[in-house]
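What follows is the content of target-v4.pdb, which has PDB, C-alpha atoms:
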ATOM      1  CA  MET A   1      93.475 118.165 141.991
ATOM      2  CA  SER A   2      94.397 115.104 143.960
ATOM      3  CA  GLY A   3      93.705 116.731 147.308
ATOM      4  CA  GLU A   4      97.335 116.586 148.401
ATOM      5  CA  PRO A   5      98.329 119.712 150.322
ATOM      6  CA  THR A   6      99.789 122.395 148.075
ATOM      7  CA  LYS A   7     103.223 123.768 148.848
ATOM      8  CA  PRO A   8     103.773 127.477 149.418
ATOM      9  CA  ARG A   9     105.606 129.361 146.698
ATOM     10  CA  GLY A  10     106.136 133.013 147.408
ATOM     11  CA  ARG A  11     102.906 134.960 147.748
ATOM     12  CA  GLU A  12     100.885 133.228 145.069
ATOM     13  CA  PRO A  13      97.384 132.193 146.189
ATOM     14  CA  VAL A  14      96.478 128.573 146.761
ATOM     15  CA  SER A  15      94.233 127.051 144.113
ATOM     16  CA  ALA A  16      92.416 123.741 144.393
ATOM     17  CA  LYS A  17      92.454 123.468 140.606
ATOM     18  CA  ASP A  18      96.149 123.983 139.917
ATOM     19  CA  ASP A  19      98.888 121.739 141.270
ATOM     20  CA  ARG A  20     101.391 124.513 140.606
ATOM     21  CA  SER A  21      99.712 126.774 143.122
ATOM     22  CA  GLY A  22     101.738 128.410 145.835
ATOM     23  CA  GLY A  23     101.450 129.160 149.531
ATOM     24  CA  LEU A  24      98.769 131.042 151.327
ATOM     25  CA  PRO A  25      99.151 134.792 150.822
ATOM     26  CA  GLN A  26      99.445 137.491 153.392
ATOM     27  CA  ALA A  27      96.910 139.838 151.870
ATOM     28  CA  ASP A  28      97.921 143.433 151.184
ATOM     29  CA  ALA A  29      95.789 146.227 152.588
ATOM     30  CA  SER A  30      92.525 146.426 150.679
ATOM     31  CA  THR A  31      91.077 149.637 149.284
ATOM     32  CA  ALA A  32      87.412 150.488 149.708
ATOM     33  CA  ASP A  33      86.825 149.610 146.047
ATOM     34  CA  ASP A  34      88.547 146.227 146.502
ATOM     35  CA  ILE A  35      86.374 145.402 149.481
ATOM     36  CA  ALA A  36      83.191 146.515 147.731
ATOM     37  CA  ALA A  37      84.071 144.416 144.692
ATOM     38  CA  PHE A  38      84.661 141.160 146.554
ATOM     39  CA  VAL A  39      81.600 141.656 148.759
ATOM     40  CA  ALA A  40      79.431 142.186 145.677
ATOM     41  CA  LYS A  41      80.866 139.116 143.975
ATOM     42  CA  ALA A  42      80.398 136.918 147.044
ATOM     43  CA  ARG A  43      76.793 138.013 147.493
ATOM     44  CA  ALA A  44      76.047 137.392 143.825
ATOM     45  CA  MET A  45      77.262 133.809 144.200
ATOM     46  CA  SER A  46      74.759 133.216 147.029
ATOM     47  CA  PRO A  47      76.635 130.381 148.786
ATOM     48  CA  HIS A  48      73.810 130.150 151.319
ATOM     49  CA  ALA A  49      71.115 129.681 148.686
ATOM     50  CA  PRO A  50      68.824 126.655 149.128
ATOM     51  CA  GLY A  51      70.394 123.565 147.596
ATOM     52  CA  ALA A  52      73.884 125.038 147.531
ATOM     53  CA  LYS A  53      76.613 122.670 148.652
ATOM     54  CA  GLY A  54      78.012 123.557 152.064
ATOM     55  CA  ARG A  55      81.692 124.498 152.112
ATOM     56  CA  LEU A  56      83.738 124.557 155.289
ATOM     57  CA  ILE A  57      87.383 125.522 155.761
ATOM     58  CA  PHE A  58      88.856 123.304 158.482
ATOM     59  CA  ALA A  59      92.005 125.030 159.762
ATOM     60  CA  LEU A  60      94.408 123.505 162.255
ATOM     61  CA  ASP A  61      97.514 124.623 164.084
ATOM     62  CA  ALA A  62     100.031 121.877 163.278
ATOM     63  CA  THR A  63     102.951 123.186 165.314
ATOM     64  CA  MET A  64     104.804 120.750 167.540
ATOM     65  CA  SER A  65     102.627 121.096 170.652
ATOM     66  CA  ARG A  66      99.563 120.157 168.639
ATOM     67  CA  GLN A  67     100.302 116.540 167.719
ATOM     68  CA  PRO A  68      97.895 114.954 170.244
ATOM     69  CA  THR A  69      95.093 117.283 169.132
ATOM     70  CA  TRP A  70      95.911 116.748 165.460
ATOM     71  CA  ASP A  71      95.511 113.007 165.957
ATOM     72  CA  MET A  72      92.248 113.576 167.791
ATOM     73  CA  ALA A  73      90.917 115.879 165.059
ATOM     74  CA  CYS A  74      91.872 113.287 162.461
ATOM     75  CA  ALA A  75      89.773 110.716 164.284
ATOM     76  CA  LEU A  76      86.808 113.076 164.730
ATOM     77  CA  GLN A  77      86.609 114.749 161.340
ATOM     78  CA  ALA A  78      84.310 112.048 159.952
ATOM     79  CA  ASP A  79      81.655 113.236 162.417
ATOM     80  CA  MET A  80      81.489 116.528 160.530
ATOM     81  CA  PHE A  81      80.596 114.735 157.314
ATOM     82  CA  ARG A  82      78.062 112.529 159.076
ATOM     83  CA  GLU A  83      76.344 115.516 160.674
ATOM     84  CA  ALA A  84      76.193 117.345 157.348
ATOM     85  CA  ALA A  85      74.919 114.288 155.470
ATOM     86  CA  ALA A  86      71.547 114.549 157.197
ATOM     87  CA  LEU A  87      71.196 118.094 155.839
ATOM     88  CA  GLY A  88      72.651 117.786 152.354
ATOM     89  CA  SER A  89      76.325 117.681 151.556
ATOM     90  CA  LEU A  90      79.583 119.206 152.685
ATOM     91  CA  ASP A  91      82.944 119.964 151.106
ATOM     92  CA  ILE A  92      85.899 120.547 153.421
ATOM     93  CA  ARG A  93      89.162 122.297 152.588
ATOM     94  CA  LEU A  94      91.902 121.490 155.083
ATOM     95  CA  VAL A  95      94.301 124.350 155.848
ATOM     96  CA  TYR A  96      97.179 123.968 158.282
ATOM     97  CA  TYR A  97     100.447 125.624 159.240
ATOM     98  CA  ARG A  98     103.607 124.332 160.878
ATOM     99  CA  GLY A  99     107.382 124.720 160.869
ATOM    100  CA  PHE A 100     109.061 127.802 159.406
ATOM    101  CA  ASN A 101     106.597 129.805 157.331
ATOM    102  CA  GLU A 102     104.880 126.650 156.044
ATOM    103  CA  CYS A 103     101.148 126.940 155.428
ATOM    104  CA  ARG A 104      99.312 124.539 153.131
ATOM    105  CA  ALA A 105      95.854 123.742 151.871
ATOM    106  CA  THR A 106      94.163 120.800 150.211
ATOM    107  CA  GLY A 107      91.571 120.954 147.485
ATOM    108  CA  TRP A 108      87.894 120.631 148.362
ATOM    109  CA  ILE A 109      87.183 117.183 149.807
ATOM    110  CA  SER A 110      83.744 115.590 150.120
ATOM    111  CA  ASP A 111      84.760 112.224 151.586
ATOM    112  CA  SER A 112      85.775 111.638 155.199
ATOM    113  CA  VAL A 113      88.012 108.676 154.351
ATOM    114  CA  ARG A 114      89.988 110.743 151.878
ATOM    115  CA  LEU A 115      90.400 113.580 154.352
ATOM    116  CA  ALA A 116      91.481 111.191 157.107
ATOM    117  CA  THR A 117      94.049 109.639 154.786
ATOM    118  CA  LEU A 118      95.536 113.043 153.987
ATOM    119  CA  MET A 119      95.614 114.077 157.632
ATOM    120  CA  SER A 120      97.322 110.844 158.666
ATOM    121  CA  LYS A 121     100.266 111.721 156.429
ATOM    122  CA  ILE A 122     100.884 115.067 158.123
ATOM    123  CA  ASP A 123     103.124 115.360 161.162
ATOM    124  CA  CYS A 124     103.321 118.395 163.424
ATOM    125  CA  ARG A 125     106.471 120.536 163.426
ATOM    126  CA  GLY A 126     107.699 123.364 165.612
ATOM    127  CA  GLY A 127     107.040 126.926 164.524
ATOM    128  CA  ASP A 128     105.093 130.122 165.116
ATOM    129  CA  THR A 129     101.392 130.603 164.476
ATOM    130  CA  GLN A 130     100.231 131.727 161.011
ATOM    131  CA  ILE A 131      96.586 132.509 161.637
ATOM    132  CA  GLY A 132      96.752 135.522 159.331
ATOM    133  CA  LYS A 133      97.424 133.255 156.373
ATOM    134  CA  VAL A 134      94.453 131.081 157.320
ATOM    135  CA  LEU A 135      92.155 134.116 157.346
ATOM    136  CA  SER A 136      93.560 135.364 154.032
ATOM    137  CA  GLU A 137      92.928 131.989 152.435
ATOM    138  CA  ALA A 138      89.397 131.947 153.804
ATOM    139  CA  ARG A 139      88.753 135.399 152.336
ATOM    140  CA  ARG A 140      90.084 134.344 148.943
ATOM    141  CA  GLU A 141      87.964 131.200 148.860
ATOM    142  CA  ALA A 142      84.888 133.066 150.040
ATOM    143  CA  VAL A 143      85.122 135.214 146.925
ATOM    144  CA  ALA A 144      86.305 132.501 144.529
ATOM    145  CA  SER A 145      83.954 129.656 145.360
ATOM    146  CA  GLY A 146      81.804 130.484 148.365
ATOM    147  CA  VAL A 147      82.513 129.457 151.964
ATOM    148  CA  ARG A 148      79.829 129.097 154.622
ATOM    149  CA  ALA A 149      82.078 128.860 157.660
ATOM    150  CA  VAL A 150      85.633 128.537 158.917
ATOM    151  CA  VAL A 151      86.675 126.301 161.795
ATOM    152  CA  PHE A 152      90.007 126.940 163.491
ATOM    153  CA  VAL A 153      91.483 124.702 166.177
ATOM    154  CA  GLY A 154      94.537 125.983 168.039
ATOM    155  CA  ASP A 155      96.055 126.897 171.365
ATOM    156  CA  ALA A 156      98.217 129.984 170.734
ATOM    157  CA  MET A 157      98.447 133.318 168.914
ATOM    158  CA  GLU A 158     101.844 134.898 168.229
ATOM    159  CA  GLU A 159     100.933 137.505 165.601
ATOM    160  CA  LYS A 160      99.865 141.158 165.531
ATOM    161  CA  VAL A 161      96.270 141.069 166.710
ATOM    162  CA  ASP A 162      95.280 144.246 164.828
ATOM    163  CA  GLU A 163      96.317 142.670 161.519
ATOM    164  CA  LEU A 164      94.285 139.558 162.304
ATOM    165  CA  CYS A 165      91.279 141.691 163.190
ATOM    166  CA  ALA A 166      91.493 143.552 159.876
ATOM    167  CA  LYS A 167      91.338 140.240 158.009
ATOM    168  CA  ALA A 168      88.538 139.029 160.270
ATOM    169  CA  GLY A 169      86.581 142.186 159.528
ATOM    170  CA  GLU A 170      86.690 141.416 155.812
ATOM    171  CA  LEU A 171      85.328 137.930 156.464
ATOM    172  CA  GLY A 172      82.600 139.496 158.553
ATOM    173  CA  MET A 173      81.599 141.682 155.612
ATOM    174  CA  LEU A 174      81.373 138.535 153.516
ATOM    175  CA  LYS A 175      79.206 136.932 156.206
ATOM    176  CA  VAL A 176      81.629 134.060 156.744
ATOM    177  CA  PRO A 177      81.663 133.230 160.474
ATOM    178  CA  VAL A 178      84.827 131.871 162.043
ATOM    179  CA  PHE A 179      84.397 129.297 164.807
ATOM    180  CA  LEU A 180      87.523 129.249 166.936
ATOM    181  CA  PHE A 181      88.001 126.243 169.206
ATOM    182  CA  GLN A 182      90.763 126.876 171.709
ATOM    183  CA  GLU A 183      92.582 124.141 173.545
ATOM    184  CA  GLY A 184      93.921 125.243 176.889
ATOM    185  CA  HIS A 185      93.904 128.570 178.699
ATOM    186  CA  ASP A 186      96.361 130.902 176.955
ATOM    187  CA  THR A 187      94.936 134.357 177.703
ATOM    188  CA  VAL A 188      96.559 136.110 174.723
ATOM    189  CA  ALA A 189      95.083 133.537 172.352
ATOM    190  CA  GLU A 190      91.698 133.781 174.028
ATOM    191  CA  GLN A 191      91.514 137.556 173.625
ATOM    192  CA  ALA A 192      92.455 137.360 169.945
ATOM    193  CA  PHE A 193      90.153 134.421 169.203
ATOM    194  CA  ARG A 194      87.200 136.103 170.891
ATOM    195  CA  GLU A 195      87.705 139.252 168.835
ATOM    196  CA  ILE A 196      88.003 137.335 165.558
ATOM    197  CA  ALA A 197      84.787 135.516 166.412
ATOM    198  CA  ARG A 198      83.020 138.790 167.210
ATOM    199  CA  LEU A 199      84.144 140.497 164.005
ATOM    200  CA  THR A 200      83.046 137.609 161.798
ATOM    201  CA  GLY A 201      79.776 136.850 163.544
ATOM    202  CA  GLY A 202      81.175 133.489 164.625
ATOM    203  CA  ALA A 203      81.930 132.038 168.033
ATOM    204  CA  TRP A 204      84.785 131.151 170.382
ATOM    205  CA  CYS A 205      84.736 128.051 172.553
ATOM    206  CA  ARG A 206      87.300 126.394 174.763
ATOM    207  CA  PHE A 207      87.804 122.661 175.043
ATOM    208  CA  ASP A 208      89.984 120.854 177.527
ATOM    209  CA  PRO A 209      93.228 119.210 176.369
ATOM    210  CA  GLY A 210      92.456 115.718 175.153
ATOM    211  CA  ALA A 211      88.695 116.190 175.473
ATOM    212  CA  ALA A 212      87.533 114.352 172.373
ATOM    213  CA  ALA A 213      83.833 114.514 173.269
ATOM    214  CA  GLN A 214      83.926 118.303 173.622
ATOM    215  CA  LEU A 215      85.732 118.802 170.325
ATOM    216  CA  ARG A 216      83.415 116.323 168.575
ATOM    217  CA  ASP A 217      80.339 118.314 169.597
ATOM    218  CA  LEU A 218      81.891 121.570 168.427
ATOM    219  CA  LEU A 219      82.938 120.163 165.056
ATOM    220  CA  ARG A 220      79.498 118.629 164.502
ATOM    221  CA  ALA A 221      77.888 121.966 165.261
ATOM    222  CA  ALA A 222      80.113 123.828 162.807
ATOM    223  CA  ALA A 223      79.380 121.235 160.116
ATOM    224  CA  ALA A 224      75.652 121.596 160.722
ATOM    225  CA  TYR A 225      75.905 125.342 160.198
ATOM    226  CA  ALA A 226      77.993 124.932 157.022
ATOM    227  CA  ALA A 227      75.526 122.443 155.558
ATOM    228  CA  GLY A 228      72.215 123.876 156.750
ATOM    229  CA  GLY A 229      72.791 127.380 158.046
ATOM    230  CA  ARG A 230      71.507 128.909 161.249
ATOM    231  CA  GLU A 231      68.286 126.890 161.257
ATOM    232  CA  ALA A 232      70.231 123.621 161.293
ATOM    233  CA  LEU A 233      72.417 124.880 164.116
ATOM    234  CA  LEU A 234      69.370 125.960 166.121
ATOM    235  CA  LYS A 235      67.834 122.524 165.718
ATOM    236  CA  LEU A 236      71.042 120.786 166.793
ATOM    237  CA  SER A 237      71.400 123.115 169.791
ATOM    238  CA  LYS A 238      68.348 121.449 171.346
ATOM    239  CA  THR A 239      70.259 118.188 171.749
ATOM    240  CA  THR A 240      73.982 119.016 171.885
ATOM    241  CA  SER A 241      75.902 121.426 174.097
ATOM    242  CA  GLY A 242      78.397 122.298 171.345
ATOM    243  CA  ALA A 243      75.711 123.713 169.078
ATOM    244  CA  ALA A 244      74.171 125.612 171.977
ATOM    245  CA  LEU A 245      77.527 127.230 172.745
ATOM    246  CA  LEU A 246      77.917 128.405 169.164
ATOM    247  CA  ILE A 247      74.396 129.683 168.611
ATOM    248  CA  GLY A 248      74.552 131.532 171.910
ATOM    249  CA  GLN A 249      77.388 133.720 170.615
ATOM    250  CA  MET A 250      76.480 134.191 166.973
ATOM    251  CA  LYS A 251      74.865 137.454 165.955
TER     252      LYS A 251
END

In C-alpha coordinates, how does this file's structure come out?
Amino acid sequence: MSGEPTKPRGREPVSAKDDRSGGLPQADASTADDIAAFVAKARAMSPHAPGAKGRLIFALDATMSRQPTWDMACALQADMFREAAALGSLDIRLVYYRGFNECRATGWISDSVRLATLMSKIDCRGGDTQIGKVLSEARREAVASGVRAVVFVGDAMEEKVDELCAKAGELGMLKVPVFLFQEGHDTVAEQAFREIARLTGGAWCRFDPGAAAQLRDLLRAAAAYAAGGREALLKLSKTTSGAALLIGQMK
(Lines of atoms letter the chains of each structure in order from A and count residues from 1; the text may use other names and numbers.)
(Lines give C-alpha, C1' and ligand atoms only; values in the text may rest on other atoms or scores of the structure.)
Protein backbone atom coordinates (compact mmCIF):
# COMPACT_ATOMS: atom_id res chain seq x y z
CA MET A 1 0.00 0.00 0.00
CA SER A 2 1.18 3.47 -0.81
CA GLY A 3 0.56 4.78 2.68
CA GLU A 4 -2.18 7.16 1.56
CA PRO A 5 -5.00 7.31 4.10
CA THR A 6 -7.76 4.82 3.36
CA LYS A 7 -11.31 6.07 2.96
CA PRO A 8 -14.12 4.73 5.13
CA ARG A 9 -16.64 2.47 3.44
CA GLY A 10 -19.40 1.26 5.68
CA ARG A 11 -18.17 -0.86 8.56
CA GLU A 12 -15.42 -2.74 6.78
CA PRO A 13 -12.10 -2.81 8.68
CA VAL A 14 -9.12 -0.82 7.51
CA SER A 15 -6.33 -2.88 5.98
CA ALA A 16 -2.83 -1.65 5.22
CA LYS A 17 -2.55 -4.28 2.50
CA ASP A 18 -5.70 -3.54 0.51
CA ASP A 19 -6.42 -0.22 -1.16
CA ARG A 20 -10.09 -1.16 -1.29
CA SER A 21 -10.33 -1.21 2.48
CA GLY A 22 -13.02 0.75 4.22
CA GLY A 23 -13.41 2.96 7.27
CA LEU A 24 -12.61 2.17 10.83
CA PRO A 25 -15.28 -0.05 12.38
CA GLN A 26 -17.31 0.52 15.46
CA ALA A 27 -16.81 -2.91 16.97
CA ASP A 28 -19.86 -4.92 18.00
CA ALA A 29 -20.05 -6.26 21.54
CA SER A 30 -17.60 -9.12 21.96
CA THR A 31 -18.49 -12.46 23.50
CA ALA A 32 -16.23 -14.11 26.05
CA ASP A 33 -15.10 -16.59 23.38
CA ASP A 34 -14.28 -13.73 20.97
CA ILE A 35 -12.18 -11.99 23.59
CA ALA A 36 -10.38 -15.18 24.58
CA ALA A 37 -9.62 -15.94 20.94
CA PHE A 38 -8.05 -12.58 20.11
CA VAL A 39 -6.09 -12.48 23.36
CA ALA A 40 -4.66 -15.93 22.64
CA LYS A 41 -3.74 -14.95 19.09
CA ALA A 42 -2.08 -11.70 20.17
CA ARG A 43 -0.03 -13.44 22.84
CA ALA A 44 1.07 -16.12 20.39
CA MET A 45 2.41 -13.43 18.07
CA SER A 46 4.62 -12.05 20.87
CA PRO A 47 4.92 -8.47 19.57
CA HIS A 48 7.16 -7.64 22.54
CA ALA A 49 9.62 -10.44 21.82
CA PRO A 50 13.30 -9.44 21.56
CA GLY A 51 14.11 -8.26 18.05
CA ALA A 52 10.49 -7.66 17.12
CA LYS A 53 9.87 -4.44 15.23
CA GLY A 54 8.11 -1.83 17.34
CA ARG A 55 4.68 -0.78 16.09
CA LEU A 56 2.96 2.37 17.27
CA ILE A 57 -0.48 3.71 16.34
CA PHE A 58 -0.29 7.51 16.23
CA ALA A 59 -3.86 8.82 16.50
CA LEU A 60 -4.82 12.47 16.17
CA ASP A 61 -7.98 14.50 16.50
CA ALA A 62 -8.14 16.41 13.21
CA THR A 63 -11.29 18.41 13.88
CA MET A 64 -11.23 22.12 13.13
CA SER A 65 -9.88 23.33 16.48
CA ARG A 66 -6.86 21.09 16.10
CA GLN A 67 -5.09 22.65 13.12
CA PRO A 68 -2.31 24.37 15.13
CA THR A 69 -1.60 21.15 17.03
CA TRP A 70 -1.77 19.07 13.86
CA ASP A 71 0.91 21.27 12.32
CA MET A 72 2.99 20.98 15.47
CA ALA A 73 2.64 17.18 15.55
CA CYS A 74 3.65 17.05 11.90
CA ALA A 75 6.84 18.90 12.73
CA LEU A 76 7.60 16.75 15.79
CA GLN A 77 6.80 13.27 14.52
CA ALA A 78 10.34 12.74 13.22
CA ASP A 79 11.54 12.83 16.83
CA MET A 80 9.63 9.61 17.46
CA PHE A 81 11.57 7.83 14.74
CA ARG A 82 14.87 9.27 15.94
CA GLU A 83 14.23 8.14 19.51
CA ALA A 84 13.29 4.65 18.36
CA ALA A 85 16.29 4.37 16.02
CA ALA A 86 18.65 4.12 18.98
CA LEU A 87 16.71 1.07 20.20
CA GLY A 88 15.90 -0.73 16.96
CA SER A 89 13.17 0.25 14.57
CA LEU A 90 9.66 1.61 14.58
CA ASP A 91 6.64 1.42 12.29
CA ILE A 92 3.92 4.03 12.73
CA ARG A 93 0.32 3.83 11.54
CA LEU A 94 -1.36 7.23 11.44
CA VAL A 95 -5.05 7.25 12.37
CA TYR A 96 -7.11 10.43 12.39
CA TYR A 97 -10.71 11.60 12.35
CA ARG A 98 -12.37 14.80 11.20
CA GLY A 99 -15.52 16.14 9.56
CA PHE A 100 -18.73 14.10 9.46
CA ASN A 101 -18.04 10.48 10.37
CA GLU A 102 -14.67 10.52 8.60
CA CYS A 103 -11.96 8.37 10.17
CA ARG A 104 -8.94 7.21 8.19
CA ALA A 105 -5.73 5.28 8.59
CA THR A 106 -2.49 4.93 6.67
CA GLY A 107 -0.50 1.77 6.18
CA TRP A 108 2.50 1.08 8.39
CA ILE A 109 5.20 3.70 7.81
CA SER A 110 8.85 3.37 8.82
CA ASP A 111 10.17 6.67 7.45
CA SER A 112 9.64 10.06 9.07
CA VAL A 113 9.84 11.95 5.76
CA ARG A 114 7.08 9.83 4.27
CA LEU A 115 4.87 10.30 7.31
CA ALA A 116 5.47 14.06 7.32
CA THR A 117 4.57 14.24 3.64
CA LEU A 118 1.28 12.44 4.25
CA MET A 119 0.43 14.60 7.25
CA SER A 120 1.15 17.80 5.32
CA LYS A 121 -1.60 16.89 2.86
CA ILE A 122 -4.27 16.61 5.55
CA ASP A 123 -6.28 19.61 6.67
CA CYS A 124 -8.45 19.73 9.77
CA ARG A 125 -12.24 19.89 9.42
CA GLY A 126 -15.06 20.49 11.86
CA GLY A 127 -16.79 17.51 13.42
CA ASP A 128 -17.35 15.43 16.53
CA THR A 129 -14.79 13.18 18.18
CA GLN A 130 -14.50 9.54 17.03
CA ILE A 131 -12.22 8.09 19.67
CA GLY A 132 -14.19 4.84 19.70
CA LYS A 133 -13.16 4.15 16.12
CA VAL A 134 -9.52 4.79 17.01
CA LEU A 135 -9.69 2.24 19.83
CA SER A 136 -11.45 -0.30 17.59
CA GLU A 137 -8.76 0.07 14.96
CA ALA A 138 -6.06 -0.35 17.59
CA ARG A 139 -7.72 -3.54 18.82
CA ARG A 140 -7.96 -4.93 15.30
CA GLU A 141 -4.32 -4.18 14.54
CA ALA A 142 -3.18 -5.58 17.87
CA VAL A 143 -4.63 -8.93 16.84
CA ALA A 144 -3.72 -8.76 13.15
CA SER A 145 -0.13 -7.59 13.28
CA GLY A 146 0.90 -6.70 16.82
CA VAL A 147 0.88 -3.21 18.33
CA ARG A 148 3.09 -2.16 21.24
CA ALA A 149 1.40 1.13 22.06
CA VAL A 150 -1.17 3.70 20.99
CA VAL A 151 -0.64 7.45 21.19
CA PHE A 152 -3.67 9.73 21.05
CA VAL A 153 -3.46 13.51 20.91
CA GLY A 154 -6.69 15.46 21.38
CA ASP A 155 -8.56 18.05 23.39
CA ALA A 156 -12.17 16.82 23.61
CA MET A 157 -14.41 13.79 24.11
CA GLU A 158 -18.01 13.83 22.87
CA GLU A 159 -18.88 10.12 22.98
CA LYS A 160 -20.39 7.68 25.47
CA VAL A 161 -17.61 7.11 27.98
CA ASP A 162 -18.81 3.62 28.95
CA GLU A 163 -18.49 2.45 25.34
CA LEU A 164 -14.97 3.86 25.14
CA CYS A 165 -14.05 2.13 28.39
CA ALA A 166 -15.29 -1.22 27.08
CA LYS A 167 -12.99 -0.89 24.06
CA ALA A 168 -10.14 0.27 26.28
CA GLY A 169 -10.63 -2.77 28.49
CA GLU A 170 -10.09 -5.05 25.50
CA LEU A 171 -6.84 -3.27 24.68
CA GLY A 172 -5.82 -3.69 28.29
CA MET A 173 -6.34 -7.44 28.00
CA LEU A 174 -4.09 -7.39 24.96
CA LYS A 175 -1.49 -5.44 26.95
CA VAL A 176 -1.54 -2.51 24.54
CA PRO A 177 -1.16 0.70 26.58
CA VAL A 178 -2.78 3.88 25.34
CA PHE A 179 -0.90 7.12 25.99
CA LEU A 180 -3.35 10.01 25.87
CA PHE A 181 -1.87 13.49 25.50
CA GLN A 182 -4.49 16.13 26.19
CA GLU A 183 -4.20 19.70 25.03
CA GLY A 184 -6.05 22.13 27.24
CA HIS A 185 -8.22 21.67 30.31
CA ASP A 186 -11.54 20.15 29.22
CA THR A 187 -12.67 18.26 32.33
CA VAL A 188 -14.94 15.80 30.50
CA ALA A 189 -12.08 14.82 28.20
CA GLU A 190 -9.69 14.53 31.12
CA GLN A 191 -11.94 12.13 33.03
CA ALA A 192 -12.42 9.91 29.97
CA PHE A 193 -8.75 9.99 28.97
CA ARG A 194 -7.61 9.12 32.49
CA GLU A 195 -9.94 6.13 32.59
CA ILE A 196 -8.83 4.86 29.18
CA ALA A 197 -5.22 5.14 30.32
CA ARG A 198 -5.98 3.25 33.53
CA LEU A 199 -7.83 0.43 31.76
CA THR A 200 -5.06 -0.10 29.21
CA GLY A 201 -2.12 0.25 31.57
CA GLY A 202 -1.09 3.42 29.76
CA ALA A 203 -0.86 7.02 30.89
CA TRP A 204 -2.57 10.40 30.59
CA CYS A 205 -0.63 13.64 30.36
CA ARG A 206 -1.62 17.21 29.68
CA PHE A 207 0.37 19.63 27.56
CA ASP A 208 -0.24 23.33 27.17
CA PRO A 209 -1.65 24.69 23.89
CA GLY A 210 1.22 25.34 21.52
CA ALA A 211 3.80 23.78 23.83
CA ALA A 212 5.97 22.00 21.29
CA ALA A 213 8.68 21.05 23.80
CA GLN A 214 6.18 19.32 26.09
CA LEU A 215 4.58 17.36 23.25
CA ARG A 216 8.01 16.44 21.84
CA ASP A 217 9.07 14.87 25.13
CA LEU A 218 5.84 12.90 25.38
CA LEU A 219 6.04 11.60 21.82
CA ARG A 220 9.69 10.59 22.28
CA ALA A 221 8.77 8.70 25.42
CA ALA A 222 5.95 6.81 23.71
CA ALA A 223 8.26 5.92 20.82
CA ALA A 224 10.88 4.63 23.25
CA TYR A 225 8.31 2.35 24.84
CA ALA A 226 7.08 1.08 21.45
CA ALA A 227 10.61 0.32 20.29
CA GLY A 228 12.20 -0.93 23.51
CA GLY A 229 9.48 -1.61 26.04
CA ARG A 230 9.38 -0.60 29.67
CA GLU A 231 13.15 -0.84 30.14
CA ALA A 232 13.74 1.74 27.40
CA LEU A 233 11.16 4.05 28.94
CA LEU A 234 12.74 3.69 32.38
CA LYS A 235 16.13 4.60 30.95
CA LEU A 236 14.74 7.65 29.15
CA SER A 237 12.87 8.76 32.29
CA LYS A 238 16.23 9.54 33.90
CA THR A 239 16.83 12.37 31.44
CA THR A 240 13.43 13.56 30.17
CA SER A 241 10.34 14.69 32.06
CA GLY A 242 7.96 13.22 29.46
CA ALA A 243 9.20 9.69 30.03
CA ALA A 244 9.07 10.17 33.79
CA LEU A 245 5.43 11.25 33.56
CA LEU A 246 4.50 8.15 31.60
CA ILE A 247 6.41 5.60 33.66
CA GLY A 248 5.00 7.11 36.83
CA GLN A 249 1.47 6.15 35.78
CA MET A 250 1.99 2.84 34.03
CA LYS A 251 1.18 -0.32 35.93

Report task. For the structure provided, state which residues fall under the PyMOL selection byres ((chain A and resi 153-163) around 10), and present them as a ChimeraX atom specification. Result -> /A:29,58-63,65-66,69-70,73,96,128-132,151-152,164-169,179-193,195-196,205-207,209,215,219

Quick check on the file I pasted: which residues fall under the PyMOL selection byres ((chain A and resi 86) around 12)? Write them as a short mmCIF file (atom, residue, chain, number, x, y, z; two decimals) with C-alpha atoms, keeping the file's coordinate frame.
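File part21.cif, as written:
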data_model
loop_
_atom_site.label_atom_id
_atom_site.label_comp_id
_atom_site.auth_asym_id
_atom_site.auth_seq_id
_atom_site.Cartn_x
_atom_site.Cartn_y
_atom_site.Cartn_z
CA ASP A 79 81.66 113.24 162.42
CA MET A 80 81.49 116.53 160.53
CA PHE A 81 80.60 114.74 157.31
CA ARG A 82 78.06 112.53 159.08
CA GLU A 83 76.34 115.52 160.67
CA ALA A 84 76.19 117.34 157.35
CA ALA A 85 74.92 114.29 155.47
CA LEU A 87 71.20 118.09 155.84
CA GLY A 88 72.65 117.79 152.35
CA SER A 89 76.32 117.68 151.56
CA LEU A 90 79.58 119.21 152.68
CA ARG A 220 79.50 118.63 164.50
CA ALA A 223 79.38 121.24 160.12
CA ALA A 224 75.65 121.60 160.72
CA ALA A 227 75.53 122.44 155.56
CA GLY A 228 72.22 123.88 156.75
CA ALA A 232 70.23 123.62 161.29
CA LEU A 236 71.04 120.79 166.79
#

| query | Nearest to A:Gly127 among A:Gly146, A:Gly99, A:Pro5, A:Gly107, with distances taken over all atoms listed in the file: which residue is it? | reply |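 The shortest atom-to-atom distance to A:Gly127 comes from A:Gly99.
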
With distances taken over only C-alpha atoms, the candidate from A:Gln77, A:Tyr97, A:Glu102, A:Arg55 nearest A:Leu115 is A:Gln77

query: With distances taken over all atoms listed in the file, which of A:Cys124, A:Ala78, A:Ile247, A:Ala213 is nearest to A:Lys235?
result: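 Nearest candidate to A:Lys235 out of A:Cys124, A:Ala78, A:Ile247, A:Ala213: A:Ile247.
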
Please return the centre and edge lengths, in Å to one decimal, of a box with edges along x, y and z that contains all listed atoms of stretch 140-147 of chain A, widened by 8 Å on every side, as lines of an AutoDock Vina configuration file.
center_x = 85.9
center_y = 132.3
center_z = 148.2
size_x = 24.3
size_y = 21.8
size_z = 23.4

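Minimum atom-to-atom distance to A:Leu135, evaluated using all atoms listed in the file, belongs to A:Thr200 out of A:Ser110, A:Thr239, A:Ser120, A:Thr200.
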
Between A:Thr240, A:Ser112, A:Ser145, A:Gln249, smallest distance to A:Arg194 by all atoms listed in the file belongs to A:Gln249

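Atom CA of A:Trp108 sits 4.7 Å away from atom CA of A:Arg93.
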
_Residues within 8 Å of A:Ala138, please, as a PyMOL selection string. Count all atoms listed in the file; anything in the same chain fewer than 3 positions from it doesn't count._
chain A and resi 57+134-135+141-142+147+150+171

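Between atom CA of A:Ala203 and atom CA of A:Met250 there is a distance of 6.0 Å.
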
Between atom CA of A:Val95 and atom CA of A:Ala222 - distance in Å to one decimal: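 For atom CA of A:Ala222 relative to atom CA of A:Val95, the distance reads 15.8 Å.
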
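Proximity ranking of A:Val143, A:Leu56, A:Met72, A:Ala149 relative to A:Ile109 places A:Leu56 first, based on all atoms listed in the file.
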